[in-house]
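Peer 1: This is the structure I want to talk about, given as structure tokens.
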Amino acid sequence: MSTNVHPLVEVQDLAKSFDVSAPWLNRVVERKPRQFVHAVDGVSFTIERGKTLALVGESGCGKSTVARLLVGLYEPTAGHVRFDGIDIARGFKGANGAALRRRMQMIFQDPYASLNPRWKVLDIVAEPLIEHRLIDDTAGRRARVGELLQSVGLAATDMEKLPHQFSGGQRQRISIARALATQPEFLVCDEPTSALDVSVQAQVLNIMKDLQRRQGLTYLFISHNLAVVRHVSDQVGVMYLGRLVEVADKSELFGRPSHPYTRMLLDAIPDIGMSGRARTPVQGEVPNPLSPPSGCSFHPRCPHANARCKAERPALLTIGGVKIACHAIEEGRLQPEPRSAARQEVLAAEQL
Amino acid sequence: MTQALLSVSHLRVEFPTRHGTLVALDDISFDIAPGEILGVVGESGAGKSLTGASIIGLLDPPGRIAGGEIRFEGRRIDNLPYEEMRRVRGRSIGAIFQDPLTSLNPLYTVGQQLVETIRTHLPMSEADAKQRAIRLLEETGIQAAGQRIDHYPHQFSGGMRQRVVIALALAAGPKLVVADEPTTALDVSVQAQIIALLRRMCREHGAAVMLVTHDMGVIAETCDRVAVMYAGRIAEIGPVHDVIHAPAHPYTVGLMGSIPAMDHDRERLLQIDGSMPRLNAIPPGCAFNPRCPHAFARCRVERPDLLDAGATRAACWLHDKQERAAA
Amino acid sequence: MSLPLSDSPVSAAPPKPPGGVRRFFAGDVWHSFTHSPVAMVSALVALVCLVCALGANLIAPHDTQDLAKIELIDARLPPSWAAEGKSTYLLGTDDQGRDILSALMFGTRISLVVGVASVIVSMVLGVGLGLLAGFVGGRADAFIMRVCDVMLSFPSILVALLVDGVGRALFPNAHDLLAFVVLIVAISLSGWVQYARTVRGSTLVERNKEYVQAARVIGVSSLRIMRRHVLPNVMGPVFVLATIQIATAIITEATLSFLGVGVPPTSPSLGTMIRVGNDYLFSGEWWITFFPGATLVVVALSVNLLGDWLRDALNPRLR
């Protein structure tokens with residue numbers, strides 16, 4: 001199968017709902033209806049080989065669920081995920097399921113829960129090698145684990161230690177080493193640096209970028225931290241209550257944000273440059289995912305909402321090179337606004 | 001010069017363990033002026049939360065204050081018996097913690113908790129206290145405060161709960177509020193609201209704030225001065241603008257460099273090799289010396305005090321006048 | 001800028017970590033043990049009882065199991081320090097002339113064997129079902145938990161009596177060994193529910209942890225994950241429970257034997273001896289019941305105290 005024709009990862013109308021209904025007895029006695037949370041509500045995007053797509057959003061937006069759908073930890077309620085042209089829902093169950101699994105791996109958020117506290121680092125990193133029978137002899141596995149640890153900046157001798165002997169940043173690096181054991185092409189990273197201190201985060205992000213350059217890895221990077229996203233991504237997707245509201249190249253998204261929610265997010269970030277820029281006041285909070293607003297789910301907080309926004313859910317359209325789901329933009333009521341040029345100059349002048 | 005509201009001198013906090021005594025805070029000194037907002041920033045293990053806990057008097061045993069003084073309005077508070085400290089807490093010093101979910105008792109209404117705090121410290125009737133509580137809730141931006149005061153914590157969202165916690169902290173009219181990571185557990189958009197609220201309300205009520213956090217952005221938005229902590233010591237302290245844009249201590253320089261910026265691209269983030277030493281392995285001399293690109297012989301032997309370094313003060317021998325002269 | 005060296009300051013040539021045994025003695029658990037007088041005394045007492053029980057054949061002054069050696073004429077003699085006691089029978093004799101001290105040792109052996117065997121069977125059954133319920137969830141979980149609920153609503157003695165009764169009905173001419181097996185099964189069935197619930201709770205917690213999810217992403221099968229990842233992490237509370245349950249099992253066996261439905265009369269356990277002695281209590285021959293009773297209390301108490309200490313020592317929050 002030619003790998004240059006299509007993007008490495010294609011997601012189409014992906015949806016996942018969770019049944020959070022009360023137990024059957026309660027429902028019958030109290031006459032409560034069944035309740036579902038539409039964690040992911042029709043999401044479509046593609047990731048090109050060797051690139052990084054970042055998904056950002058606040059709590060309840062569904063980005064972590066998308067990550068888990070992509071590696072097969074959840075099964076989708078609707079929609080497809082295609083990896084190198086193969087539909088993964090069928091691919092994982094088929095004869096070549098293991099081969100498919102080898103090509104994609106995941107890194108998780110919590111460095112303390114990602115490693116089995118009772119296993120030595122050697123066993124943790126070698127598990128994929130053993131499971132997929134990649135290296136049969138013990139000596140060969142030890143050598144490979146040593147190589148992997150060194151590639152993430154740890155020492156080969158660290159393989160004899162237990163996880164609790166390492167700091168958060170080091171544990172995250174062990175997770176990366178484990179994920180790379182099968183030489184995957186695609187890595188899903190679920191908030192890999194959110195639990196780490198700033199200086200440790202810098203180390204881990206640098207390692208991830210180096211590895212991407214050296215091995216041609218493709219990343220799906222989940223985060224709520226826009227500054228980190230700006231540093232690592234090529235393309236950015238903004239999610240809100242299970243839907244994608246904007247997908248754009250990094251420079252477009254940060255330079256000329258279109259969707260009102262994207263603008264709100266960018267405005268809300270504390271300004272370390274202290275330029276004293278004017279901010280539009282932020283309104284409200286993310287609504288309860290059990291009862292999302294009708295139509296465009298952002299309309300209660302949007303300064304540009306009109307009647308159509310309350311009634312009709314906007315489709316993700318391509319407008320001006322950017323994918324965006326917003327009636328106001330589509331109708332031309334709202335223009336994407338460059339972040340002020342004057343501000344850029346002030347910041348450039350203050351460079352350390 | 002007005003007397004400092006809070007004065008911490010040479011504070012030392014130890015944890016006796018069976019492996020030996022761990023020094024978690026080693027000779028910390030700083031002041032907070034009335035109405036000022038001081039940020040205390042540092043990475044995990046630096047001791048910033050412990051500093052807050054020592055001031056409020058909520059240090060968990062076996063941790064204990066082993067040296068130094070904490071003075072509030074000139075009066076020593078670090079050695080007070082439990083009952084007296086309890087009166088100081090709430091009336092003079094308020095506290096805001098990180099997790100709004102566990103800061104409020106789920107079994108009592110918000111109104112009951114506010115009224116209890118108010119009446120514990122101020123002589124007021126129940127009705128007056130309730131009025132005061134409603135006014136406080138309105139100030140924090142909670143709509144329909146008159147009705148919501150009778151709601152339980154679980155009926156509020158995360159950001160709303162943190163507003164209630166702020167109201168609770170200010171209920172008895174304290175002069176100092178210690179806020180430990182008040183926005184870390186909140187969404188980005190809510191964080192911005194809460195930071196602005198905290199700043200506004202403390203200004204209006206005339207309360208000084210000690211804001212403990214790991215987030216430099218929050219510090220930049222809120223604080224007047226900031227203290228950067230490292231391995232249980234203060235590395236640098238000074239006005240916020242100067243510490244951020246012209247840091248004097250190599251650790252602060254590294255820290256600012258490793259934060260990804262919102263407005264421009266960099267191929268690699270500046271990284272400080274190694275990691276903060278564990279409490280049982282703090283190197284002699286300056287705690288940062290193994291990781292410092294500018295370390296020299298004296299750094300490895302002698303621990304520096306906070307020295308004048310232009311607009312800020314930094315605990316670094318690079319700013320010692322004699323070293324400068326010799327260089 | 002080159003990649004950073006390893007963060008740990010002494011990683012250049014790290015010493016090989018100390019082997020398992022040395023690590024244990026340097027660890028927190030051993031330290032807690034040596035600093036807890038209660039734990040050390042209980043351990044000592046339990047050890048003495050164990051040695052006496054296992055080495056009964058060698059240590060006991062009289063062989064009470066050999067019917068030929070028992071002198072009926074020496075029946076119901078008081079302990080040696082009383083007026084009519086004989087020095088050869090330190091604690092007196094029972095109604096058939098058996099030396100009480102020796103009978104205690106043999107009886108304790110039986111009690112311990114039955115107690116430990118029951119606990120092992122309970123543990124295997126309970127941990128297995130608990131893991132299954134916690135990991136698989138859904139209907140299997142609901143079913144297993146309902147079975148647990150039902151079993152908990154029966155008092156454990158009643159369950160043991162029921163199984164024992166069924167066993168005797170099924171095998172009326174049971175040899176001694178079968179009687180033992182039935183007894184062990186009876187006690188196990190009354191005790192496995194605790195393990196199942198504890199393990200199910202821990203499994204539910206561990207199942208959602210990211211190292212389990214990472215194993216699933218790698219493609220490891222559910223059975224392997226349960227066995228190799230989850231099981232080692234849920235066993236901590238199980239060992240504490242097992243220690244305490246040994247005492248409960250011994251007492252349950254004693255109760256059953258006291259009621260006459262436990263061990264066969266040819267191998268008297270502590271419970272049997274208590275029952276026998278009960279008949280003579282009001283005629284003044286107190287020693288026949290008292291010493292077995294005291295031994296039972298001592299054994300159960302020391303094992304219980306050890307279990308308490310173990311639970312606190314293993315609790316990371318209390319350290």
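Letters for chains follow the order of the structure tokens (A, B, ...), residue numbers begin at 1 for each chain, and ligand numbers begin at 1 in the order shown.
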Mind the document's chain letters and residue numbers, and return as JSON, numbers by chain the residues of stretch 94-184 of chain B that DSSP labels helix (DSSP H, G or I).

Peer 2: {"B": [100, 101, 102, 103, 110, 111, 112, 113, 114, 115, 116, 117, 118, 119, 120, 121, 126, 127, 128, 129, 130, 131, 132, 133, 134, 135, 136, 137, 138, 139, 145, 146, 147, 148, 153, 154, 155, 158, 159, 160, 161, 162, 163, 164, 165, 166, 167, 168, 169, 170]}

Peer 1: Could you list, as a PyMOL selection string, every residue of chain A that has an atom within 7 Å of an atom of chain B, counting only C-alpha atoms?

Peer 2: chain A and resi 58-59+197-199+202-203+206+227-228+230-231+265+268-272+274+282+285

Peer 1: Got time to write the residues from that selection, N, CA and C atoms, as a PDB file, in the first residue's frame?

Peer 2:
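As a result, again36.pdb now contains:
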```pdb
ATOM      1  N   GLU A  58     -10.498  22.740  27.004  1.00  0.00           N
ATOM      2  CA  GLU A  58     -10.598  22.700  28.464  1.00  0.00           C
ATOM      3  C   GLU A  58     -11.237  21.396  28.909  1.00  0.00           C
ATOM      4  N   SER A  59     -11.542  21.297  30.205  1.00  0.00           N
ATOM      5  CA  SER A  59     -12.041  20.016  30.714  1.00  0.00           C
ATOM      6  C   SER A  59     -13.380  19.693  30.062  1.00  0.00           C
ATOM      7  N   ASP A 197       7.205  19.834  36.267  1.00  0.00           N
ATOM      8  CA  ASP A 197       7.655  21.205  36.474  1.00  0.00           C
ATOM      9  C   ASP A 197       8.138  21.814  35.165  1.00  0.00           C
ATOM     10  N   VAL A 198       8.177  23.122  35.154  1.00  0.00           N
ATOM     11  CA  VAL A 198       8.512  23.834  33.926  1.00  0.00           C
ATOM     12  C   VAL A 198       9.878  23.439  33.361  1.00  0.00           C
ATOM     13  N   SER A 199      10.890  23.380  34.202  1.00  0.00           N
ATOM     14  CA  SER A 199      12.221  23.096  33.651  1.00  0.00           C
ATOM     15  C   SER A 199      12.312  21.640  33.204  1.00  0.00           C
ATOM     16  N   ALA A 202      10.657  21.318  29.884  1.00  0.00           N
ATOM     17  CA  ALA A 202      11.510  21.743  28.777  1.00  0.00           C
ATOM     18  C   ALA A 202      12.384  20.594  28.304  1.00  0.00           C
ATOM     19  N   GLN A 203      12.937  19.824  29.248  1.00  0.00           N
ATOM     20  CA  GLN A 203      13.789  18.694  28.871  1.00  0.00           C
ATOM     21  C   GLN A 203      13.002  17.674  28.057  1.00  0.00           C
ATOM     22  N   ASN A 206      12.051  18.911  24.570  1.00  0.00           N
ATOM     23  CA  ASN A 206      13.208  18.906  23.672  1.00  0.00           C
ATOM     24  C   ASN A 206      13.505  17.498  23.185  1.00  0.00           C
ATOM     25  N   ALA A 227       0.786  27.436  25.356  1.00  0.00           N
ATOM     26  CA  ALA A 227       2.184  27.795  25.093  1.00  0.00           C
ATOM     27  C   ALA A 227       2.980  26.560  24.697  1.00  0.00           C
ATOM     28  N   VAL A 228       2.736  25.469  25.386  1.00  0.00           N
ATOM     29  CA  VAL A 228       3.427  24.216  25.046  1.00  0.00           C
ATOM     30  C   VAL A 228       3.022  23.775  23.641  1.00  0.00           C
ATOM     31  N   ARG A 230       2.054  25.579  21.222  1.00  0.00           N
ATOM     32  CA  ARG A 230       2.702  26.447  20.250  1.00  0.00           C
ATOM     33  C   ARG A 230       4.120  25.984  19.964  1.00  0.00           C
ATOM     34  N   HIS A 231       4.770  25.452  20.993  1.00  0.00           N
ATOM     35  CA  HIS A 231       6.157  25.041  20.828  1.00  0.00           C
ATOM     36  C   HIS A 231       6.286  23.760  20.015  1.00  0.00           C
ATOM     37  N   LEU A 265      -9.738  31.735  24.496  1.00  0.00           N
ATOM     38  CA  LEU A 265      -8.675  30.950  25.117  1.00  0.00           C
ATOM     39  C   LEU A 265      -7.354  31.701  25.078  1.00  0.00           C
ATOM     40  N   ALA A 268      -7.242  34.414  27.495  1.00  0.00           N
ATOM     41  CA  ALA A 268      -7.276  34.043  28.912  1.00  0.00           C
ATOM     42  C   ALA A 268      -5.911  33.664  29.449  1.00  0.00           C
ATOM     43  N   ILE A 269      -4.967  33.397  28.558  1.00  0.00           N
ATOM     44  CA  ILE A 269      -3.670  32.943  29.045  1.00  0.00           C
ATOM     45  C   ILE A 269      -2.943  34.084  29.722  1.00  0.00           C
ATOM     46  N   PRO A 270      -2.449  33.843  30.935  1.00  0.00           N
ATOM     47  CA  PRO A 270      -1.743  34.936  31.609  1.00  0.00           C
ATOM     48  C   PRO A 270      -0.567  35.389  30.762  1.00  0.00           C
ATOM     49  N   ASP A 271      -0.364  36.664  30.701  1.00  0.00           N
ATOM     50  CA  ASP A 271       0.621  37.226  29.813  1.00  0.00           C
ATOM     51  C   ASP A 271       1.934  37.437  30.540  1.00  0.00           C
ATOM     52  N   ILE A 272       2.841  36.521  30.307  1.00  0.00           N
ATOM     53  CA  ILE A 272       4.095  36.623  31.049  1.00  0.00           C
ATOM     54  C   ILE A 272       4.914  37.800  30.544  1.00  0.00           C
ATOM     55  N   MET A 274       3.771  40.624  30.090  1.00  0.00           N
ATOM     56  CA  MET A 274       3.257  41.795  30.803  1.00  0.00           C
ATOM     57  C   MET A 274       3.188  43.027  29.927  1.00  0.00           C
ATOM     58  N   VAL A 282     -13.785  37.460  30.003  1.00  0.00           N
ATOM     59  CA  VAL A 282     -14.193  36.093  29.762  1.00  0.00           C
ATOM     60  C   VAL A 282     -15.521  35.843  30.449  1.00  0.00           C
ATOM     61  N   GLU A 285     -18.578  29.545  32.296  1.00  0.00           N
ATOM     62  CA  GLU A 285     -17.704  28.382  32.424  1.00  0.00           C
ATOM     63  C   GLU A 285     -18.162  27.311  31.459  1.00  0.00           C
TER      64      GLU A 285
END
```

Peer 1: Counting only C-alpha atoms, give me one row per residue of stretch 80-129 of chain C with an atom at most 12 Å from an atom of stretch 167-181 of chain C, showing the shortest contact pair and its distance in Å to one decimal, sorted by chain then residue number, as CSV.

Peer 2:
```
residue,atom,partner,partner_atom,distance
C:Ile110,CA,C:Phe180,CA,9.8
C:Ser111,CA,C:Phe180,CA,11.0
C:Val113,CA,C:Phe180,CA,10.0
C:Val114,CA,C:Phe180,CA,7.7
C:Gly115,CA,C:Phe180,CA,11.1
C:Ala117,CA,C:Val181,CA,9.5
C:Ser118,CA,C:Val181,CA,9.4
C:Val121,CA,C:Val181,CA,11.0
```

Peer 1: What is the atom CA of B:Arg86 to atom CA of B:Leu197 distance in Å?

Peer 2: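 A separation of 26.6 Å between them.
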
Peer 1: Tell me, counting only C-alpha atoms, for each residue of chain A within 7 Å of chain C, which pair of atoms is nearest and how far apart they are in Å to one decimal, in rows ordered by chain and increasing number, as a tab-separated table.

Peer 2:
```
residue	atom	partner	partner_atom	distance
A:Val71	CA	C:Val217	CA	6.6
A:Leu73	CA	C:Val217	CA	6.8
A:Ala98	CA	C:Gly219	CA	6.8
A:Arg101	CA	C:Ile218	CA	6.6
A:Gln105	CA	C:Val217	CA	6.6
A:Phe108	CA	C:Glu210	CA	6.7
A:Ala113	CA	C:Glu210	CA	5.4
A:Ser114	CA	C:Tyr211	CA	4.2
A:Leu115	CA	C:Tyr211	CA	5.0
A:Asn116	CA	C:Tyr211	CA	5.7
A:Pro128	CA	C:Ile218	CA	6.0
A:Glu131	CA	C:Val220	CA	6.5
A:Gly153	CA	C:Leu5	CA	5.8
A:Leu154	CA	C:Ser6	CA	4.6
A:Ala155	CA	C:Ser6	CA	5.9
```

Peer 1: Env of B:Phe296: 12 Å cut, atoms = only C-alpha atoms, seq-sep filter 5 positions within chain, self excluded. Answer as a PDB file with N, CA and C atoms, in the first residue's frame.

Peer 2:
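Wrote it out as around-v1.pdb, contents follow:
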```
ATOM      1  N   GLY B 285      27.451  24.465  49.947  1.00  0.00           N
ATOM      2  CA  GLY B 285      27.561  25.745  49.248  1.00  0.00           C
ATOM      3  C   GLY B 285      26.222  26.138  48.678  1.00  0.00           C
ATOM      4  N   CYS B 286      26.237  26.666  47.463  1.00  0.00           N
ATOM      5  CA  CYS B 286      24.996  27.087  46.817  1.00  0.00           C
ATOM      6  C   CYS B 286      24.288  25.845  46.278  1.00  0.00           C
ATOM      7  N   PHE B 288      22.348  25.318  43.975  1.00  0.00           N
ATOM      8  CA  PHE B 288      22.190  25.237  42.528  1.00  0.00           C
ATOM      9  C   PHE B 288      23.505  24.934  41.823  1.00  0.00           C
ATOM     10  N   ASN B 289      24.630  24.899  42.569  1.00  0.00           N
ATOM     11  CA  ASN B 289      25.916  24.891  41.880  1.00  0.00           C
ATOM     12  C   ASN B 289      26.156  23.732  40.905  1.00  0.00           C
ATOM     13  N   PRO B 290      25.659  22.498  41.175  1.00  0.00           N
ATOM     14  CA  PRO B 290      25.949  21.445  40.194  1.00  0.00           C
ATOM     15  C   PRO B 290      25.314  21.693  38.827  1.00  0.00           C
ATOM     16  N   ARG B 291      24.262  22.489  38.779  1.00  0.00           N
ATOM     17  CA  ARG B 291      23.560  22.687  37.513  1.00  0.00           C
ATOM     18  C   ARG B 291      23.863  24.039  36.888  1.00  0.00           C
ATOM     19  N   VAL B 301      31.463  25.827  47.919  1.00  0.00           N
ATOM     20  CA  VAL B 301      31.873  25.714  49.307  1.00  0.00           C
ATOM     21  C   VAL B 301      31.002  26.531  50.252  1.00  0.00           C
ATOM     22  N   GLU B 302      30.716  27.767  49.828  1.00  0.00           N
ATOM     23  CA  GLU B 302      30.053  28.700  50.721  1.00  0.00           C
ATOM     24  C   GLU B 302      28.672  29.034  50.208  1.00  0.00           C
ATOM     25  N   CYS B 316      23.500  34.719  45.001  1.00  0.00           N
ATOM     26  CA  CYS B 316      24.448  34.227  44.003  1.00  0.00           C
ATOM     27  C   CYS B 316      25.756  34.987  44.135  1.00  0.00           C
ATOM     28  N   TRP B 317      26.878  34.275  44.197  1.00  0.00           N
ATOM     29  CA  TRP B 317      28.174  34.920  44.368  1.00  0.00           C
ATOM     30  C   TRP B 317      28.570  35.780  43.175  1.00  0.00           C
ATOM     31  N   LEU B 318      27.909  35.577  42.043  1.00  0.00           N
ATOM     32  CA  LEU B 318      28.225  36.413  40.889  1.00  0.00           C
ATOM     33  C   LEU B 318      27.950  37.882  41.167  1.00  0.00           C
ATOM     34  N   GLU B 323      33.663  39.829  44.296  1.00  0.00           N
ATOM     35  CA  GLU B 323      33.873  38.956  43.134  1.00  0.00           C
ATOM     36  C   GLU B 323      33.830  39.769  41.858  1.00  0.00           C
ATOM     37  N   ALA B 327      36.735  40.245  39.154  1.00  0.00           N
ATOM     38  CA  ALA B 327      36.553  39.698  37.782  1.00  0.00           C
ATOM     39  C   ALA B 327      37.036  40.638  36.700  1.00  0.00           C
TER      40      ALA B 327
END
```

Peer 1: Hey, can you check how far atom CA of A:Phe92 sits from atom CA of A:Glu75?

Peer 2: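 We find that atom CA of A:Phe92 and atom CA of A:Glu75 lie 10.8 Å from each other.
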
Peer 1: Determine, counting only C-alpha atoms, which protein, DNA and RNA residues have an atom within 10 Å of an atom of B:Arg132; residues of the same chain fewer than 3 positions away are not included. Present the result as a ChimeraX atom specification.

Peer 2: /B:114-115,118,124,126-129,135-138,171-172

Peer 1: Write out, as a PDB file, in the first residue's frame, the residues just selected, with N, CA and C atoms.

Peer 2:
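Below is the file result.pdb, written as the result:
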```pdb
ATOM      1  N   LEU B 114     -19.908  29.991  55.698  1.00  0.00           N
ATOM      2  CA  LEU B 114     -19.511  31.394  55.765  1.00  0.00           C
ATOM      3  C   LEU B 114     -19.897  32.006  57.106  1.00  0.00           C
ATOM      4  N   VAL B 115     -21.137  31.753  57.507  1.00  0.00           N
ATOM      5  CA  VAL B 115     -21.612  32.345  58.758  1.00  0.00           C
ATOM      6  C   VAL B 115     -20.791  31.827  59.931  1.00  0.00           C
ATOM      7  N   ILE B 118     -17.554  33.719  59.996  1.00  0.00           N
ATOM      8  CA  ILE B 118     -17.722  35.115  60.389  1.00  0.00           C
ATOM      9  C   ILE B 118     -17.976  35.205  61.891  1.00  0.00           C
ATOM     10  N   MET B 124     -21.089  39.112  65.948  1.00  0.00           N
ATOM     11  CA  MET B 124     -22.219  39.501  65.099  1.00  0.00           C
ATOM     12  C   MET B 124     -23.370  38.556  65.335  1.00  0.00           C
ATOM     13  N   GLU B 126     -26.530  36.219  64.017  1.00  0.00           N
ATOM     14  CA  GLU B 126     -26.645  35.297  62.885  1.00  0.00           C
ATOM     15  C   GLU B 126     -27.161  36.015  61.647  1.00  0.00           C
ATOM     16  N   ALA B 127     -28.150  36.873  61.849  1.00  0.00           N
ATOM     17  CA  ALA B 127     -28.747  37.568  60.696  1.00  0.00           C
ATOM     18  C   ALA B 127     -27.735  38.500  60.049  1.00  0.00           C
ATOM     19  N   ASP B 128     -26.991  39.264  60.876  1.00  0.00           N
ATOM     20  CA  ASP B 128     -25.997  40.179  60.335  1.00  0.00           C
ATOM     21  C   ASP B 128     -24.906  39.408  59.597  1.00  0.00           C
ATOM     22  N   ALA B 129     -24.505  38.316  60.200  1.00  0.00           N
ATOM     23  CA  ALA B 129     -23.449  37.523  59.562  1.00  0.00           C
ATOM     24  C   ALA B 129     -23.923  37.024  58.208  1.00  0.00           C
ATOM     25  N   ARG B 135     -23.329  39.569  50.907  1.00  0.00           N
ATOM     26  CA  ARG B 135     -22.609  40.661  50.229  1.00  0.00           C
ATOM     27  C   ARG B 135     -21.292  40.164  49.669  1.00  0.00           C
ATOM     28  N   LEU B 136     -20.590  39.355  50.453  1.00  0.00           N
ATOM     29  CA  LEU B 136     -19.305  38.808  49.997  1.00  0.00           C
ATOM     30  C   LEU B 136     -19.492  37.970  48.742  1.00  0.00           C
ATOM     31  N   LEU B 137     -20.529  37.139  48.740  1.00  0.00           N
ATOM     32  CA  LEU B 137     -20.754  36.290  47.573  1.00  0.00           C
ATOM     33  C   LEU B 137     -21.065  37.129  46.347  1.00  0.00           C
ATOM     34  N   GLU B 138     -21.828  38.198  46.546  1.00  0.00           N
ATOM     35  CA  GLU B 138     -22.113  39.071  45.408  1.00  0.00           C
ATOM     36  C   GLU B 138     -20.837  39.684  44.870  1.00  0.00           C
ATOM     37  N   ALA B 171     -13.822  36.367  54.745  1.00  0.00           N
ATOM     38  CA  ALA B 171     -15.038  36.588  55.535  1.00  0.00           C
ATOM     39  C   ALA B 171     -14.794  37.354  56.821  1.00  0.00           C
ATOM     40  N   ALA B 172     -13.742  37.037  57.526  1.00  0.00           N
ATOM     41  CA  ALA B 172     -13.532  37.682  58.818  1.00  0.00           C
ATOM     42  C   ALA B 172     -12.644  38.909  58.701  1.00  0.00           C
TER      43      ALA B 172
END
```

Peer 1: Just give me the gap between atom CA of B:His151 and atom CA of B:Val110 in Å, one decimal is fine.

Peer 2: 6.1 Å

Peer 1: Which residues are near C:Ser283? Cut-off 12 Å, only C-alpha atoms, ignore same chain within fewer than 6 positions. Put them as a PyMOL selection string.

Peer 2: chain C and resi 76+277+289

Peer 1: Excluding A:Leu220 and residues on its chain fewer than 3 positions from it, collect all residues at most 10 Å away from it, counting only C-alpha atoms, and give them as a CSV table (one decimal) with N, CA and C atoms, in the first residue's frame.

Peer 2:
```
chain,number,residue,atom,x,y,z
A,9,VAL,N,-2.8,9.4,9.4
A,9,VAL,CA,-4.0,9.2,10.2
A,9,VAL,C,-5.1,10.0,9.7
A,47,ILE,N,-3.8,13.7,9.9
A,47,ILE,CA,-2.4,14.1,10.4
A,47,ILE,C,-1.5,13.6,9.3
A,51,LYS,N,4.4,14.9,11.0
A,51,LYS,CA,4.0,16.2,11.6
A,51,LYS,C,3.3,16.0,12.9
A,52,THR,N,3.1,17.1,13.6
A,52,THR,CA,2.4,17.0,14.9
A,52,THR,C,1.1,17.8,14.9
A,53,LEU,N,0.0,17.1,15.2
A,53,LEU,CA,-1.2,17.8,15.4
A,53,LEU,C,-1.5,17.9,16.9
A,54,ALA,N,-1.8,19.1,17.3
A,54,ALA,CA,-2.1,19.2,18.8
A,54,ALA,C,-3.6,19.4,18.9
A,55,LEU,N,-4.2,18.8,19.9
A,55,LEU,CA,-5.6,19.0,20.2
A,55,LEU,C,-5.7,19.8,21.6
A,66,VAL,N,-10.6,11.3,22.5
A,66,VAL,CA,-10.1,11.1,21.1
A,66,VAL,C,-8.8,10.4,21.1
A,67,ALA,N,-7.9,10.7,22.0
A,67,ALA,CA,-6.6,10.0,22.1
A,67,ALA,C,-6.8,8.6,22.3
A,70,LEU,N,-8.1,6.7,19.3
A,70,LEU,CA,-7.1,6.5,18.2
A,70,LEU,C,-6.2,5.3,18.4
A,106,MET,N,1.3,4.9,22.9
A,106,MET,CA,0.8,6.1,23.6
A,106,MET,C,1.6,6.4,24.8
A,186,PHE,N,3.7,6.3,14.9
A,186,PHE,CA,2.8,7.3,15.4
A,186,PHE,C,2.7,7.2,16.9
A,187,LEU,N,2.8,8.4,17.6
A,187,LEU,CA,2.7,8.4,19.0
A,187,LEU,C,1.6,9.3,19.4
A,188,VAL,N,0.7,8.8,20.3
A,188,VAL,CA,-0.3,9.6,20.8
A,188,VAL,C,0.1,10.1,22.2
A,189,CYS,N,0.2,11.4,22.4
A,189,CYS,CA,0.7,11.9,23.7
A,189,CYS,C,-0.4,12.6,24.5
A,190,ASP,N,-0.9,12.0,25.6
A,190,ASP,CA,-2.0,12.6,26.3
A,190,ASP,C,-1.4,13.5,27.5
A,223,SER,N,-3.2,18.6,24.9
A,223,SER,CA,-2.7,19.5,25.9
A,223,SER,C,-3.8,20.6,26.2
A,233,SER,N,3.7,22.0,18.1
A,233,SER,CA,2.8,21.5,17.0
A,233,SER,C,3.1,22.1,15.6
A,235,GLN,N,0.2,21.7,13.4
A,235,GLN,CA,-1.2,22.1,13.2
A,235,GLN,C,-1.9,22.0,14.6
A,236,VAL,N,-2.9,22.8,14.8
A,236,VAL,CA,-3.6,22.8,16.0
A,236,VAL,C,-5.1,22.7,15.8
```
